[in-house]
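> Below is one structure. I have some questions about it.
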Amino acid sequence: MQRRYLVIGGAAATVAALALMQSFFNDYLLSLVCFVGIFGILATSLNLTNGFTGLFSLGHPAFMAIGGYTCALLTFSPVKKPLFLPELPSWLASLHLPFFPSLILGGLVAMAAAVIIGIPVLRLKGHYLAVATMGFLIIVQVLITNMENITRGPLGLNGLDELTNVWWVYGWLAVSIYVCWKVKFSSYGRALISIRDNEMAASCLGISLFPARLQALAIGAFFAGVAGGLWGHLITALTPGSFSLALAFSIVVMVVVGGSGSITGSVITAILFTIAKEFFRPLEENYSVYGVGEIFMALVLVVILIYRPQGLMGDSEPKLLLPRKTLTK
């Protein structure tokens with residue numbers, strides 16, 4: 001009962017804080033708050049793949065790009081499409097959907113891509129899997145760059161409607177946290193964690209390794225696709241360079257530093273690193289010292305790996321939030 005009141009109180013406080021931010025913050029601060037939430041979605045969903053199941057995937061930005069471009073094409077005004085994309089297929093040129101179904105479809109297309117790429121790739125392990133998913137990210141970037149009739153190639157899609165706000169971002173962050181939490185504290189989640197800890201033992205217990213891994217990759221890809229849609233309609237532009245290896249590195253660092261398998265840790269590091277990177281931005285712009293934010297993240301990662309390799313939270317969550325049956329075990 002106490003846990004329920006704590007969750008309800010935390011949710012009410014978050015809604016009140018977001019309402020105050022929406023009323024008093026300027027556009028810059030609101031954008032920063034939205035970026036914190038989007039990175040929270042990305043880190044939480046990647047934790048489902050990397051943290052719970054032990055799959056080392058670097059392909060999260062690829063799923064984000066697929067979802068982002070899908071959502072952008074569906075919400076792009078039919079009036080603007082002939083101007084920006086004159087060679088767009090006629091059925092797609094006339095298609096126009098509201099933001100919410102476009103985000104859902106973007107996530108589903110990213111999920112479908114995860115299933116297609118996951119069937120051959122998830123037979124690999126360790127650094128072989130990391131290299132394969134990195135190759136998938138590069139393939140997606142090349143396809144986006146060369147499919148100029150649909151994506152405008154290197155020019156990217158700009159002039160998107162500014163639809164993303166704190167309510168959309170934090171609503172989806174709440175959904176991603178809820179789904180990951182339910183997965184973690186379910187029999188399915190325990191199966192995923194057993195695969196991460198000892199594949200042979202999990203297999204001996206009758207757990208089907210490949211379907212479980214594929215499902216974890218697909219669920220993570222869905223939320224990455226949604227985050228891509230939110231991203232595109234926050235900055236009102238999408239380019240192939242937006243979804244780079246540097247972005248993949250940033251998300252992986254958030255998961256590792258927060259603790260592989262800890263949802264709370266992912267959210268905390270998403271907040272800290274997003275604010276830290278923004279803190280270094282004036283230094284980069286005023287003194288042309290670009291990449292200071294990434295260097296800071298890399299140094300933090302090195303320190304964490306040396307002194308606390310399990311991350312800030314390990315794979316645990318705050319006891320106050322844990323289900324009672326988990327505490328009694």
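To be explicit about the labels: the chains of the structure tokens are called A, B, and onward in the order shown, and within each one the residues are counted from 1, while ligands get numbers from 1 in the order they are shown.
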Per residue of segment 129-184 of chain A within 12 Å of segment 262-286 of chain A, what are the shortest atom pair and its distance in Å to one decimal, counting only C-alpha atoms, with rows by chain and residue number, as JSON lines?


{"residue": "A:Tyr170", "atom": "CA", "partner": "A:Val267", "partner_atom": "CA", "distance": 11.8}
{"residue": "A:Leu173", "atom": "CA", "partner": "A:Val267", "partner_atom": "CA", "distance": 9.4}
{"residue": "A:Ala174", "atom": "CA", "partner": "A:Val267", "partner_atom": "CA", "distance": 10.8}
{"residue": "A:Ser176", "atom": "CA", "partner": "A:Ile263", "partner_atom": "CA", "distance": 9.9}
{"residue": "A:Ile177", "atom": "CA", "partner": "A:Ile263", "partner_atom": "CA", "distance": 7.1}
{"residue": "A:Tyr178", "atom": "CA", "partner": "A:Ile263", "partner_atom": "CA", "distance": 9.8}
{"residue": "A:Val179", "atom": "CA", "partner": "A:Ile263", "partner_atom": "CA", "distance": 10.6}
{"residue": "A:Cys180", "atom": "CA", "partner": "A:Ile263", "partner_atom": "CA", "distance": 7.5}
{"residue": "A:Trp181", "atom": "CA", "partner": "A:Ile263", "partner_atom": "CA", "distance": 7.3}
{"residue": "A:Lys182", "atom": "CA", "partner": "A:Ile263", "partner_atom": "CA", "distance": 11.0}
{"residue": "A:Val183", "atom": "CA", "partner": "A:Ile263", "partner_atom": "CA", "distance": 11.0}
{"residue": "A:Lys184", "atom": "CA", "partner": "A:Ile263", "partner_atom": "CA", "distance": 9.0}

> Write the residues you've just listed into a file as a compact mmCIF listing (two decimals), in the first residue's frame, and include N, CA and C atoms for each of them.


# COMPACT_ATOMS: atom_id res chain seq x y z
N TYR A 170 7.14 13.01 -21.85
CA TYR A 170 7.10 12.35 -20.54
C TYR A 170 5.97 11.33 -20.45
N LEU A 173 7.80 8.48 -21.92
CA LEU A 173 8.80 8.01 -20.96
C LEU A 173 8.13 7.16 -19.87
N ALA A 174 6.97 7.61 -19.40
CA ALA A 174 6.24 6.84 -18.40
C ALA A 174 5.84 5.47 -18.94
N SER A 176 7.36 3.77 -21.39
CA SER A 176 8.55 2.93 -21.55
C SER A 176 9.04 2.40 -20.20
N ILE A 177 9.01 3.25 -19.17
CA ILE A 177 9.43 2.79 -17.83
C ILE A 177 8.46 1.72 -17.32
N TYR A 178 7.15 1.95 -17.52
CA TYR A 178 6.16 0.98 -17.04
C TYR A 178 6.35 -0.39 -17.73
N VAL A 179 6.54 -0.35 -19.06
CA VAL A 179 6.70 -1.62 -19.80
C VAL A 179 7.97 -2.34 -19.35
N CYS A 180 9.08 -1.59 -19.25
CA CYS A 180 10.34 -2.22 -18.85
C CYS A 180 10.26 -2.75 -17.42
N TRP A 181 9.57 -1.99 -16.56
CA TRP A 181 9.41 -2.44 -15.16
C TRP A 181 8.60 -3.74 -15.10
N LYS A 182 7.49 -3.77 -15.84
CA LYS A 182 6.66 -4.97 -15.85
C LYS A 182 7.42 -6.17 -16.42
N VAL A 183 8.24 -5.90 -17.45
CA VAL A 183 9.04 -6.99 -18.02
C VAL A 183 10.05 -7.49 -17.00
N LYS A 184 10.74 -6.56 -16.35
CA LYS A 184 11.80 -6.96 -15.42
C LYS A 184 11.27 -7.82 -14.28

> Need the shell around Leu73 of chain A: protein/DNA/RNA residues with any atom at most 9 Å away, counting only C-alpha atoms. Skip same-chain ones fewer than 5 positions apart. Format as number ranges by chain?

A: 68, 81, 92-93, 95-96, 102, 150-151, 157

> Can I get the selected residues back with all heavy atoms, as an mmCIF file, in the first residue's frame?


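Wrote again_21.cif, looks like this:
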data_model
loop_
_atom_site.group_PDB
_atom_site.id
_atom_site.type_symbol
_atom_site.label_atom_id
_atom_site.label_comp_id
_atom_site.auth_asym_id
_atom_site.auth_seq_id
_atom_site.Cartn_x
_atom_site.Cartn_y
_atom_site.Cartn_z
ATOM 1 N N GLY A 68 11.847 7.702 -36.742
ATOM 2 C CA GLY A 68 11.767 9.148 -36.941
ATOM 3 C C GLY A 68 11.356 9.521 -38.346
ATOM 4 O O GLY A 68 10.468 10.363 -38.548
ATOM 5 N N LYS A 81 4.592 18.352 -49.189
ATOM 6 C CA LYS A 81 5.258 17.178 -49.757
ATOM 7 C C LYS A 81 5.648 17.357 -51.228
ATOM 8 O O LYS A 81 6.777 17.027 -51.609
ATOM 9 C CB LYS A 81 4.374 15.942 -49.584
ATOM 10 C CG LYS A 81 4.437 15.338 -48.183
ATOM 11 C CD LYS A 81 3.581 14.094 -48.077
ATOM 12 C CE LYS A 81 3.663 13.492 -46.670
ATOM 13 N NZ LYS A 81 2.796 12.308 -46.514
ATOM 14 N N LEU A 92 1.965 7.746 -50.790
ATOM 15 C CA LEU A 92 2.607 8.321 -49.617
ATOM 16 C C LEU A 92 2.489 9.842 -49.608
ATOM 17 O O LEU A 92 2.410 10.465 -48.543
ATOM 18 C CB LEU A 92 4.088 7.902 -49.604
ATOM 19 C CG LEU A 92 4.892 8.183 -48.320
ATOM 20 C CD1 LEU A 92 4.189 7.574 -47.106
ATOM 21 C CD2 LEU A 92 6.297 7.610 -48.433
ATOM 22 N N ALA A 93 2.431 10.427 -50.813
ATOM 23 C CA ALA A 93 2.313 11.888 -50.902
ATOM 24 C C ALA A 93 0.970 12.378 -50.357
ATOM 25 O O ALA A 93 0.881 13.475 -49.797
ATOM 26 C CB ALA A 93 2.494 12.332 -52.349
ATOM 27 N N LEU A 95 -0.820 10.754 -48.063
ATOM 28 C CA LEU A 95 -1.077 10.199 -46.727
ATOM 29 C C LEU A 95 -0.695 11.216 -45.647
ATOM 30 O O LEU A 95 0.416 11.751 -45.652
ATOM 31 C CB LEU A 95 -0.263 8.920 -46.540
ATOM 32 C CG LEU A 95 -0.579 8.071 -45.297
ATOM 33 C CD1 LEU A 95 -2.031 7.630 -45.305
ATOM 34 C CD2 LEU A 95 0.355 6.862 -45.244
ATOM 35 N N HIS A 96 -1.609 11.455 -44.739
ATOM 36 C CA HIS A 96 -1.347 12.396 -43.647
ATOM 37 C C HIS A 96 -2.090 11.926 -42.405
ATOM 38 O O HIS A 96 -3.305 11.744 -42.427
ATOM 39 C CB HIS A 96 -1.816 13.813 -44.022
ATOM 40 C CG HIS A 96 -1.488 14.828 -42.979
ATOM 41 N ND1 HIS A 96 -2.459 15.499 -42.264
ATOM 42 C CD2 HIS A 96 -0.301 15.284 -42.518
ATOM 43 C CE1 HIS A 96 -1.876 16.319 -41.410
ATOM 44 N NE2 HIS A 96 -0.573 16.220 -41.547
ATOM 45 N N SER A 102 1.068 8.297 -35.873
ATOM 46 C CA SER A 102 2.342 8.313 -36.607
ATOM 47 C C SER A 102 3.478 7.814 -35.726
ATOM 48 O O SER A 102 4.371 7.085 -36.183
ATOM 49 C CB SER A 102 2.652 9.723 -37.096
ATOM 50 O OG SER A 102 1.640 10.189 -37.957
ATOM 51 N N ILE A 150 12.603 9.790 -51.165
ATOM 52 C CA ILE A 150 11.773 9.620 -49.967
ATOM 53 C C ILE A 150 12.317 10.424 -48.785
ATOM 54 O O ILE A 150 11.557 10.972 -47.989
ATOM 55 C CB ILE A 150 11.675 8.123 -49.587
ATOM 56 C CG1 ILE A 150 10.965 7.361 -50.700
ATOM 57 C CG2 ILE A 150 10.933 7.930 -48.270
ATOM 58 C CD1 ILE A 150 10.877 5.867 -50.472
ATOM 59 N N THR A 151 13.637 10.499 -48.670
ATOM 60 C CA THR A 151 14.241 11.122 -47.478
ATOM 61 C C THR A 151 14.944 12.448 -47.762
ATOM 62 O O THR A 151 15.446 13.066 -46.840
ATOM 63 C CB THR A 151 15.263 10.155 -46.862
ATOM 64 O OG1 THR A 151 16.330 9.950 -47.806
ATOM 65 C CG2 THR A 151 14.632 8.812 -46.520
ATOM 66 N N LEU A 157 15.063 15.919 -43.987
ATOM 67 C CA LEU A 157 13.700 16.453 -43.942
ATOM 68 C C LEU A 157 13.670 17.597 -42.942
ATOM 69 O O LEU A 157 13.934 17.409 -41.758
ATOM 70 C CB LEU A 157 12.715 15.366 -43.500
ATOM 71 C CG LEU A 157 12.434 14.232 -44.478
ATOM 72 C CD1 LEU A 157 11.538 13.194 -43.819
ATOM 73 C CD2 LEU A 157 11.793 14.761 -45.747
#

> Could you pull out all residues of segment 106-245 of chain A with a DSSP call of strand (DSSP E) and give them as a list in words?

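The strand (DSSP E) residues within segment 106-245 of chain A come out as Leu157, Asn158, Ala237 and Leu238 of chain A.
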
> Using only C-alpha atoms, what table do you get, as CSV, when you list each residue of segment 291-313 of chain A with an atom no more than 12 Å from segment 47-66 of chain A, its nearest pair of atoms, and their distance in Å rounded to one decimal, rows by chain then rising number?


residue,atom,partner,partner_atom,distance
A:Gln310,CA,A:Gly51,CA,10.7
A:Gly311,CA,A:Gly51,CA,11.0
A:Met313,CA,A:Gly51,CA,11.9

> For the residues in the current selection, export all heavy atoms as an mmCIF file, in the first residue's frame.


data_model
loop_
_atom_site.group_PDB
_atom_site.id
_atom_site.type_symbol
_atom_site.label_atom_id
_atom_site.label_comp_id
_atom_site.auth_asym_id
_atom_site.auth_seq_id
_atom_site.Cartn_x
_atom_site.Cartn_y
_atom_site.Cartn_z
ATOM 1 N N GLN A 310 29.914 -2.445 -12.124
ATOM 2 C CA GLN A 310 28.486 -2.804 -12.222
ATOM 3 C C GLN A 310 27.598 -1.586 -12.428
ATOM 4 O O GLN A 310 26.390 -1.717 -12.575
ATOM 5 C CB GLN A 310 28.042 -3.573 -10.962
ATOM 6 C CG GLN A 310 27.921 -2.739 -9.710
ATOM 7 C CD GLN A 310 29.231 -2.653 -8.931
ATOM 8 O OE1 GLN A 310 30.311 -2.677 -9.517
ATOM 9 N NE2 GLN A 310 29.131 -2.533 -7.619
ATOM 10 N N GLY A 311 28.195 -0.370 -12.453
ATOM 11 C CA GLY A 311 27.410 0.853 -12.636
ATOM 12 C C GLY A 311 26.911 1.410 -11.312
ATOM 13 O O GLY A 311 27.092 0.801 -10.252
ATOM 14 N N MET A 313 23.899 1.841 -10.057
ATOM 15 C CA MET A 313 22.808 1.122 -9.386
ATOM 16 C C MET A 313 22.934 -0.387 -9.509
ATOM 17 O O MET A 313 22.065 -1.112 -9.020
ATOM 18 C CB MET A 313 21.464 1.562 -9.976
ATOM 19 C CG MET A 313 21.117 3.029 -9.808
ATOM 20 S SD MET A 313 20.664 3.447 -8.133
ATOM 21 C CE MET A 313 19.121 2.560 -7.968
#

> Would you compute the distance between atom CA of Met297 of chain A and atom CA of Gly40 of chain A? Give it in Å to one decimal.

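Between atom CA of Met297 of chain A and atom CA of Gly40 of chain A the gap is 15.9 Å.
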
> Show which residues sit within 8 Å of Leu108 of chain A, as a list in words. Count only C-alpha atoms, and ignore same-chain residues fewer than 5 positions away.

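Selected residues are Gly67, Phe222 and Gly225 of chain A.
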
> Using N, CA and C atoms, can you write the selected residues to a file as an mmCIF file, in the first residue's frame?


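Saved result, selection-v3.cif, follows:
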data_model
loop_
_atom_site.group_PDB
_atom_site.id
_atom_site.type_symbol
_atom_site.label_atom_id
_atom_site.label_comp_id
_atom_site.auth_asym_id
_atom_site.auth_seq_id
_atom_site.Cartn_x
_atom_site.Cartn_y
_atom_site.Cartn_z
ATOM 1 N N GLY A 67 12.157 4.948 -37.170
ATOM 2 C CA GLY A 67 10.921 5.464 -36.579
ATOM 3 C C GLY A 67 10.747 6.953 -36.824
ATOM 4 N N PHE A 222 11.035 -0.692 -30.689
ATOM 5 C CA PHE A 222 9.769 0.061 -30.766
ATOM 6 C C PHE A 222 9.908 1.411 -30.057
ATOM 7 N N GLY A 225 12.123 3.769 -31.930
ATOM 8 C CA GLY A 225 11.414 4.384 -33.055
ATOM 9 C C GLY A 225 10.519 5.525 -32.609
#

> Just the residues within 7 Å of Leu192 of chain A, please, counting only C-alpha atoms, with nothing from its chain fewer than 3 positions along; format it as a list of chain:residue names.

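These residues fall inside the cut-off: A:Phe52, A:Thr53, A:Tyr188, A:Gly189, A:Ile195, A:Arg196, A:Ala212.
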
> Grab the atom CA of Thr14 of chain A to atom CA of Leu46 of chain A distance for me, in Å with one decimal place.

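So the two atoms, atom CA of Thr14 of chain A and atom CA of Leu46 of chain A, lie 23.2 Å apart.
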
> Give me, please, the distance in Å between atom CA of Glu162 of chain A and atom CA of Pro89 of chain A, quoted to one decimal.

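So the two atoms, atom CA of Glu162 of chain A and atom CA of Pro89 of chain A, lie 24.6 Å apart.
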
> To test your reading of the structure, identify every residue in segment 240-297 of chain A that backbone DSSP assigns to helix (DSSP H, G or I), and report it as a PyMOL selection string.

chain A and resi 240-242+245-258+263-287+292-297

> Keeping only N, CA and C atoms, write the selected residues as a compact mmCIF listing (two decimals), in the first residue's frame.


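This went into out-v7.txt:
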# COMPACT_ATOMS: atom_id res chain seq x y z
N PRO A 240 20.56 12.32 -42.02
CA PRO A 240 21.24 11.03 -41.75
C PRO A 240 22.28 11.15 -40.65
N GLY A 241 22.94 12.32 -40.56
CA GLY A 241 23.98 12.50 -39.55
C GLY A 241 23.45 12.60 -38.13
N SER A 242 22.12 12.78 -37.98
CA SER A 242 21.56 12.88 -36.63
C SER A 242 21.69 11.57 -35.87
N LEU A 245 27.17 7.04 -34.79
CA LEU A 245 27.82 6.19 -33.80
C LEU A 245 28.05 6.95 -32.49
N ALA A 246 28.26 8.27 -32.60
CA ALA A 246 28.44 9.07 -31.39
C ALA A 246 27.18 9.03 -30.53
N LEU A 247 26.00 9.05 -31.19
CA LEU A 247 24.74 8.95 -30.45
C LEU A 247 24.63 7.57 -29.80
N ALA A 248 25.00 6.52 -30.55
CA ALA A 248 24.97 5.15 -30.00
C ALA A 248 25.88 5.06 -28.78
N PHE A 249 27.07 5.68 -28.88
CA PHE A 249 28.00 5.67 -27.75
C PHE A 249 27.37 6.35 -26.53
N SER A 250 26.73 7.49 -26.75
CA SER A 250 26.13 8.23 -25.63
C SER A 250 25.07 7.39 -24.91
N ILE A 251 24.22 6.70 -25.69
CA ILE A 251 23.15 5.91 -25.06
C ILE A 251 23.73 4.72 -24.31
N VAL A 252 24.75 4.07 -24.92
CA VAL A 252 25.37 2.93 -24.25
C VAL A 252 26.03 3.36 -22.94
N VAL A 253 26.69 4.53 -22.96
CA VAL A 253 27.34 5.03 -21.73
C VAL A 253 26.30 5.26 -20.64
N MET A 254 25.13 5.81 -21.02
CA MET A 254 24.08 6.02 -20.03
C MET A 254 23.66 4.71 -19.37
N VAL A 255 23.55 3.66 -20.19
CA VAL A 255 23.13 2.36 -19.65
C VAL A 255 24.22 1.77 -18.76
N VAL A 256 25.47 1.82 -19.21
CA VAL A 256 26.56 1.20 -18.45
C VAL A 256 26.81 1.95 -17.15
N VAL A 257 26.85 3.28 -17.22
CA VAL A 257 27.11 4.06 -16.01
C VAL A 257 25.95 3.94 -15.02
N GLY A 258 24.73 3.96 -15.51
CA GLY A 258 23.58 3.82 -14.62
C GLY A 258 23.48 2.44 -14.01
N ILE A 263 16.56 0.13 -14.29
CA ILE A 263 15.74 1.14 -14.96
C ILE A 263 15.96 2.51 -14.31
N THR A 264 16.01 2.52 -12.99
CA THR A 264 16.24 3.77 -12.27
C THR A 264 17.59 4.37 -12.65
N GLY A 265 18.61 3.53 -12.74
CA GLY A 265 19.94 4.01 -13.11
C GLY A 265 19.95 4.63 -14.50
N SER A 266 19.23 4.03 -15.45
CA SER A 266 19.18 4.58 -16.80
C SER A 266 18.55 5.97 -16.81
N VAL A 267 17.47 6.14 -16.05
CA VAL A 267 16.79 7.44 -16.02
C VAL A 267 17.69 8.49 -15.37
N ILE A 268 18.36 8.11 -14.27
CA ILE A 268 19.24 9.06 -13.57
C ILE A 268 20.37 9.52 -14.48
N THR A 269 21.03 8.58 -15.15
CA THR A 269 22.17 8.96 -16.01
C THR A 269 21.69 9.72 -17.25
N ALA A 270 20.49 9.42 -17.74
CA ALA A 270 19.96 10.19 -18.87
C ALA A 270 19.80 11.66 -18.48
N ILE A 271 19.33 11.89 -17.26
CA ILE A 271 19.17 13.27 -16.77
C ILE A 271 20.54 13.93 -16.62
N LEU A 272 21.46 13.24 -15.94
CA LEU A 272 22.77 13.83 -15.64
C LEU A 272 23.57 14.11 -16.90
N PHE A 273 23.64 13.14 -17.81
CA PHE A 273 24.49 13.31 -18.99
C PHE A 273 23.90 14.32 -19.98
N THR A 274 22.58 14.36 -20.11
CA THR A 274 21.98 15.33 -21.02
C THR A 274 22.25 16.75 -20.53
N ILE A 275 22.10 16.97 -19.23
CA ILE A 275 22.38 18.30 -18.67
C ILE A 275 23.87 18.61 -18.76
N ALA A 276 24.73 17.61 -18.51
CA ALA A 276 26.18 17.84 -18.57
C ALA A 276 26.61 18.22 -19.99
N LYS A 277 26.07 17.51 -20.99
CA LYS A 277 26.44 17.84 -22.38
C LYS A 277 26.01 19.26 -22.73
N GLU A 278 24.84 19.66 -22.25
CA GLU A 278 24.38 21.02 -22.52
C GLU A 278 25.23 22.04 -21.76
N PHE A 279 25.73 21.64 -20.59
CA PHE A 279 26.59 22.53 -19.81
C PHE A 279 27.88 22.86 -20.58
N PHE A 280 28.38 21.89 -21.34
CA PHE A 280 29.63 22.09 -22.09
C PHE A 280 29.41 22.78 -23.44
N ARG A 281 28.17 22.94 -23.85
CA ARG A 281 27.91 23.49 -25.19
C ARG A 281 28.47 24.90 -25.38
N PRO A 282 28.31 25.83 -24.40
CA PRO A 282 28.91 27.16 -24.59
C PRO A 282 30.42 27.11 -24.79
N LEU A 283 31.09 26.18 -24.10
CA LEU A 283 32.53 26.04 -24.26
C LEU A 283 32.88 25.60 -25.68
N GLU A 284 32.07 24.69 -26.23
CA GLU A 284 32.31 24.21 -27.59
C GLU A 284 32.10 25.33 -28.61
N GLU A 285 31.00 26.09 -28.44
CA GLU A 285 30.65 27.11 -29.42
C GLU A 285 31.55 28.35 -29.33
N ASN A 286 31.90 28.75 -28.12
CA ASN A 286 32.68 29.97 -27.95
C ASN A 286 34.16 29.78 -28.22
N TYR A 287 34.67 28.57 -27.93
CA TYR A 287 36.12 28.32 -28.09
C TYR A 287 36.42 27.25 -29.14
N VAL A 292 33.71 18.21 -26.29
CA VAL A 292 34.04 18.18 -24.87
C VAL A 292 33.03 17.34 -24.09
N GLY A 293 31.76 17.44 -24.47
CA GLY A 293 30.73 16.64 -23.79
C GLY A 293 30.99 15.15 -23.94
N GLU A 294 31.38 14.72 -25.15
CA GLU A 294 31.67 13.30 -25.37
C GLU A 294 32.91 12.86 -24.59
N ILE A 295 33.92 13.76 -24.54
CA ILE A 295 35.13 13.44 -23.76
C ILE A 295 34.78 13.27 -22.28
N PHE A 296 33.92 14.16 -21.78
CA PHE A 296 33.49 14.05 -20.39
C PHE A 296 32.79 12.71 -20.14
N MET A 297 31.89 12.33 -21.06
CA MET A 297 31.18 11.06 -20.90
C MET A 297 32.15 9.88 -20.94
